[in-house]
Amino acid sequence: MFLKLYSKLISDFHKFTLLFLSIIILISFYFSKNFNLDASSDALLLEGDKDLKYLREINNRYGSKDFLFLTYSPVTNFTDEDTIINIQLLKSKIEKLSWVDSVISIIDVPLLKSSDETLMERLKNYKTLSYPNLDKIRGFQEILNSPIYRDYVISKDGKTSGIVIYLKKDERLNEYIQLKEKYFFDKKEKKQNDLEKKKYKEFLNEYENYKNLYNKRNHQNISEIREIINRYGENAKIYLGGIPMIADDMMSYIKSDILVFGIGVFIFIIFTLWFIFRNIKWVMMPLLGCATSVIIMIGLLGLVGWKVTVISSNFIALMLILNMAMNIHVTVRFLQLKKEFPDLTKRDAVLEASSKMMLPILYTVLTTVCAFLSLIFSGIKPIIDFGWMMTLGLIVSLLVTFLLLPCLLNIFSSDDEISVQDTEKSFITKTLGSIAKQNNSLIFGTTLIIIFVSIFGISKLEVENSFINYFNKDTEIYKGMKKIDEDLGGTTPLNIILKFPAKQIKEKNDDEFSEWDEDVENKEDKSKYWFTRDKMDKILKVHDYLDSLPEIGKVLSFGSILRVAEDLNKKELQSLEIAVLYSKIPEEIKEEIISPYISVEDDEARISVRIRDSLENLRRNDLINKINGELNTKLGLKKEEYKLAGVLILFNNLLQSLFKSQILTLGIVMLGIFAMFLILFRNTTLSLIGVVPNFIAAFFILGIIGLMEIPLDMMTITIAAITIGIAVDNSIHYIYRFKEEFKKIKNYKNTLDRCHSTVGIAILNTSITIVFGFSILVLSNFIPTIYFGVFTGIAMLFAMISVLTLLPKLLLIYKPFGNESENFKL
């Protein structure tokens, strides 16, 4: 019944089918306007990460703002009047931008040692480096030696300064993020009813629409700041950094990758088809199928609102590659049938080729879908979306291949003109076939070596990775982050939150500053008795411990300010003096250097550190565990007295989750594909023979990654599962054809020769197409994407060789279709 209906669709009513597909294409073009990209930081975080929730609470408590960061390296030096004027002009231009809240530079740093006034006078009437008639050298030396500003606004060598550009807070976006988080945890804790689900869906659409608007504004903002940098970059080397800039550049990379990958693979496929068929007709038909699949998929993504991230930016290239493999198999089978049976009519040849290839291609799609669906267990939204995206893309490709291509074959091919190269001759497949028949020791010896190498390499795999090294060295992201990391105290932030008991006994002190005693006593607030020496010593002890760790760059805390005050006062300050100092510091200085590190209301202190992300021997998970452990064992703090938070924690959670999900993903893929082989072939031995070469290929590529000491990341973590899913397609095609030919030939070696000269050539052609198709990904600016392309390509090449050597060798040894004198029954 199904074949009868299908036959009518692709032959009797093929024009109607083409009209239907044309309408679908037009609808897809309409919805493609909603096709969007996403490079926001929350796209690279674990969904519902409790550490993310806590970090947002901390950021709200301590007034954290989004910011951009400029590294400024002048031609002269910072005491030069022209340099100061240039920084003033640059700062003035940036401050005039409507989206900028404030700008902090080296010329805004309060100088407290530049005069001989009393401490209180210095605090009230502080000067900066831009102050007229100031001793610039003395002021600059104070900044250079300041425990607060060294490695923050000035590098140790005094040649590079940091300019921090704080952005105006987008309150609406912040509300959306908080609501999204609330919805997520509510959904997790209790089952939603239909009304709540509807509201959540409406909210998500509203949130995504606003985020699109935010991204457009952010792009305009980054363009504006870059115009200013270009204008003032003549007398200094300036690099731009910061999360908003990285997000915008990542968006540009995604757009570029989609365009470059799509065009690159498309051009390569044209050359491949020409090499295989040497006829423009046989080049154009598969290309139309590929283009149709991609257009429909883009329209579907626009319709359902799925956004493409840096992880899924290669989906068009993957769709083209996998779709082309399907098209080549159907086309080659059609041409082989016409050659083998010249009297077969065009209509019958199309139907025969389509019906014979439908089941193996369906199973190859299902096994590949199994691989991509396994990604949904990663817990990482962009990887999950990538899995669903490719699943939908493969289904679209399957439907288009068996609807559009047969219709095109019925229209453009002819009964008496079949232009195809001699498919019976291929030196490569013939050589591999000879190896499979004759070289037992070579095949099994090589396989054993590969297995041992794979096990050893896999044992060396790790997920430690540097965010800086995700980008090419000639990109602005890399240059800016590298400069900040090496000269301005590191890039990846980490917070250590110290918690103090809510009630503290007031200390009595007979200290200096006695003239301030009355003022302090009259202040009926918590701060007058909160600043005890015990608390300060604890902050300083943790501060110094963190500062001693080689992986940590800049450490900032209330202890930094305290040390400056004690240096000026020439003695250790006691509780009352600290409280008075806190109350007397001008509000603008307090907002900048104290409020971000002390929360009197919450009985907390925050110590902010930055990790040097580019250190080769950096092990984030080990560092986090070390800090967590030694704060307790070395410094004597109770576990409930401190907590770690920050981007370092979130990034580490992501990496550790990747490693755990890789084991789960591979297990699911292997079980799923083995189950499909059992359903397809109904033979345990044959199923094992089919999957073993591909599993070995996947593990081998993981072993190579481990031996080369390349850390697993969001892209390379998916290679093994995807390799198995795609590479196993070759096994299905080969075994399916072997079974079909064995029924007629009834001799294993002769059947092997026949398969290597028919389906073997199709496997060779599709594998080469896939390998070189993946090689297009080396044009990306995102290093993980490059690794993904290179290693998946190598894995596919190795899998192809295994399928044409190890697989037939196992078939010859185990004879799963029965003895040569017997007929095999399906």
# chains A, B, ... in the order shown; residues from 1 in each chain; ligands from 1

$ residues_around --residues "Val369 (chain A)" --least-positions-apart "6" --cutoff "12 Å" --atoms "only C-alpha atoms" --output "PyMOL selection string"
chain A and resi 322+361-363+375-376+386-398+668-669+672-673+676+721-726+728-729

$ residues_around --residues "region 561-573 of chain A" --least-positions-apart "6" --cutoff "8 Å" --atoms "only C-alpha atoms" --output "list of chain:residue names"
A:Lys113, A:Leu119, A:Ser146, A:Pro147, A:Ile148, A:Ile593, A:Ile594

$ closest_residue --among "A:Leu498, A:Leu448, A:Met481, A:Ile10" --to "Ile58 (chain A)" --atoms "only C-alpha atoms"
A:Leu498

$ atom_distance --atom1 "CA of Glu352 (chain A)" --atom2 "CA of Leu337 (chain A)"
8.3 Å

$ residues_around --residues "region 123-135 of chain A" --least-positions-apart "3" --cutoff "6 Å" --atoms "only C-alpha atoms" --output "list in words"
Ile107, Asp108, Val109, Pro110, Leu111, Met120 and Arg138 of chain A

$ write_last_selection --atoms "N, CA and C atoms" --output "JSON list (two decimals), in the first residue's frame"
[["chain", "number", "residue", "atom", "x", "y", "z"],
["A", 107, "ILE", "N", 43.35, 58.20, 35.11],
["A", 107, "ILE", "CA", 43.30, 59.63, 35.49],
["A", 107, "ILE", "C", 42.19, 59.92, 36.50],
["A", 108, "ASP", "N", 41.41, 58.89, 36.87],
["A", 108, "ASP", "CA", 40.34, 59.07, 37.86],
["A", 108, "ASP", "C", 40.69, 58.49, 39.22],
["A", 109, "VAL", "N", 41.83, 57.82, 39.31],
["A", 109, "VAL", "CA", 42.23, 57.17, 40.56],
["A", 109, "VAL", "C", 42.53, 58.21, 41.63],
["A", 110, "PRO", "N", 41.90, 58.12, 42.82],
["A", 110, "PRO", "CA", 42.19, 59.08, 43.89],
["A", 110, "PRO", "C", 43.60, 58.90, 44.44],
["A", 111, "LEU", "N", 44.36, 59.98, 44.44],
["A", 111, "LEU", "CA", 45.74, 59.96, 44.94],
["A", 111, "LEU", "C", 45.76, 60.49, 46.35],
["A", 120, "MET", "N", 42.29, 63.08, 56.76],
["A", 120, "MET", "CA", 40.91, 63.46, 56.48],
["A", 120, "MET", "C", 40.83, 64.47, 55.35],
["A", 138, "ARG", "N", 55.20, 61.39, 40.95],
["A", 138, "ARG", "CA", 54.87, 60.91, 42.29],
["A", 138, "ARG", "C", 53.48, 60.25, 42.30]]

$ atom_distance --atom1 "CA of Leu777 (chain A)" --atom2 "CA of Gly789 (chain A)"
5.1 Å

$ atom_distance --atom1 "CA of Leu318 (chain A)" --atom2 "CA of Lys281 (chain A)"
23.7 Å

$ closest_residue --among "A:Thr345, A:Asn495, A:Gln192, A:Ser548" --to "Ile624 (chain A)" --atoms "only C-alpha atoms"
A:Asn495

$ residues_around --residues "region 755-761 of chain A" --least-positions-apart "4" --cutoff "9 Å" --atoms "only C-alpha atoms" --output "PyMOL selection string"
chain A and resi 329+332-333+336+423-426+428-430+432-433+730+733-734+737-738+741+750-751+765-766+804

$ closest_atom_pairs --of "region 145-224 of chain A" --to "region 244-254 of chain A" --cutoff "12 Å" --atoms "only C-alpha atoms" --output "CSV"
residue,atom,partner,partner_atom,distance
A:Ile165,CA,A:Pro244,CA,11.1
A:Tyr166,CA,A:Pro244,CA,11.0
A:Leu167,CA,A:Pro244,CA,9.7
A:Asn212,CA,A:Met251,CA,11.5
A:Tyr214,CA,A:Pro244,CA,10.6
A:Asn215,CA,A:Asp248,CA,7.5
A:Lys216,CA,A:Asp248,CA,9.0
A:Arg217,CA,A:Asp248,CA,10.1
A:Asn218,CA,A:Pro244,CA,6.9
A:His219,CA,A:Asp248,CA,5.8
A:Gln220,CA,A:Asp248,CA,9.5
A:Asn221,CA,A:Met245,CA,9.1
A:Ile222,CA,A:Met245,CA,6.3
A:Ser223,CA,A:Met245,CA,9.6
A:Glu224,CA,A:Met245,CA,11.5

$ closest_residue --among "A:Lys96, A:Leu779, A:Lys460, A:Lys381" --to "Ile263 (chain A)" --atoms "only C-alpha atoms"
A:Leu779

$ residues_around --residues "region 642-654 of chain A" --least-positions-apart "3" --cutoff "6 Å" --atoms "only C-alpha atoms" --output "VMD selection string"
chain A and resid 55 492 to 499 657

$ write_last_selection --atoms "C-alpha atoms" --output "compact mmCIF listing (two decimals), in the first residue's frame"
# COMPACT_ATOMS: atom_id res chain seq x y z
CA LEU A 55 26.00 34.48 41.44
CA THR A 492 38.02 34.89 34.65
CA PRO A 493 36.32 36.24 37.80
CA LEU A 494 35.85 34.34 41.06
CA ASN A 495 34.21 35.59 44.25
CA ILE A 496 34.83 34.31 47.75
CA ILE A 497 31.95 35.34 50.00
CA LEU A 498 32.83 35.43 53.72
CA LYS A 499 29.89 35.16 56.08
CA SER A 657 29.08 18.27 33.04

$ closest_residue --among "A:Ile552, A:Ile177, A:Val103, A:Ile794" --to "Arg620 (chain A)" --atoms "only C-alpha atoms"
A:Ile552

$ select_by_dssp --residues "region 74-184 of chain A" --states "strand (DSSP E or B)" --output "list in words"
Pro74, Val100, Asp101, Ser102, Val103, Ile104, Leu111, Lys127, Arg150, Ile154, Ser161, Gly162, Ile163, Val164, Ile165, Tyr166 and Leu167 of chain A

$ residues_around --residues "region 786-788 of chain A" --least-positions-apart "2" --cutoff "7 Å" --atoms "only C-alpha atoms" --output "ChimeraX atom specification"
/A:715-716,719,777-778,780,782-784,790-792

$ write_last_selection --atoms "C-alpha atoms" --output "mmCIF file, in the first residue's frame"
data_model
loop_
_atom_site.group_PDB
_atom_site.id
_atom_site.type_symbol
_atom_site.label_atom_id
_atom_site.label_comp_id
_atom_site.auth_asym_id
_atom_site.auth_seq_id
_atom_site.Cartn_x
_atom_site.Cartn_y
_atom_site.Cartn_z
ATOM 1 C CA MET A 715 32.281 20.876 20.314
ATOM 2 C CA THR A 716 34.896 18.111 20.583
ATOM 3 C CA ILE A 719 32.664 14.057 18.089
ATOM 4 C CA LEU A 777 35.071 24.017 9.251
ATOM 5 C CA VAL A 778 38.776 24.941 9.562
ATOM 6 C CA SER A 780 35.995 29.179 11.451
ATOM 7 C CA PHE A 782 36.120 29.506 16.766
ATOM 8 C CA ILE A 783 38.829 26.944 17.583
ATOM 9 C CA PRO A 784 36.465 24.227 18.942
ATOM 10 C CA VAL A 790 39.230 18.151 11.608
ATOM 11 C CA PHE A 791 38.702 15.280 14.044
ATOM 12 C CA THR A 792 35.258 14.293 12.759
#

$ closest_residue --among "A:Asn410, A:Ser557, A:Ser293, A:Asn36" --to "Ser11 (chain A)" --atoms "only C-alpha atoms"
A:Asn410

$ residues_around --residues "Ile280 (chain A)" --least-positions-apart "3" --cutoff "12 Å" --atoms "only C-alpha atoms" --output "list in words"
Ile270, Phe271, Thr272, Leu273, Trp274, Phe275, Ile276, Phe277, Val283, Met284, Met285, Pro286, Leu287, Phe412, Ser413, Ser419 and Val420 of chain A

$ closest_residue --among "A:Phe798, A:Phe268, A:Phe402, A:Tyr239" --to "Leu351 (chain A)" --atoms "only C-alpha atoms"
A:Phe402
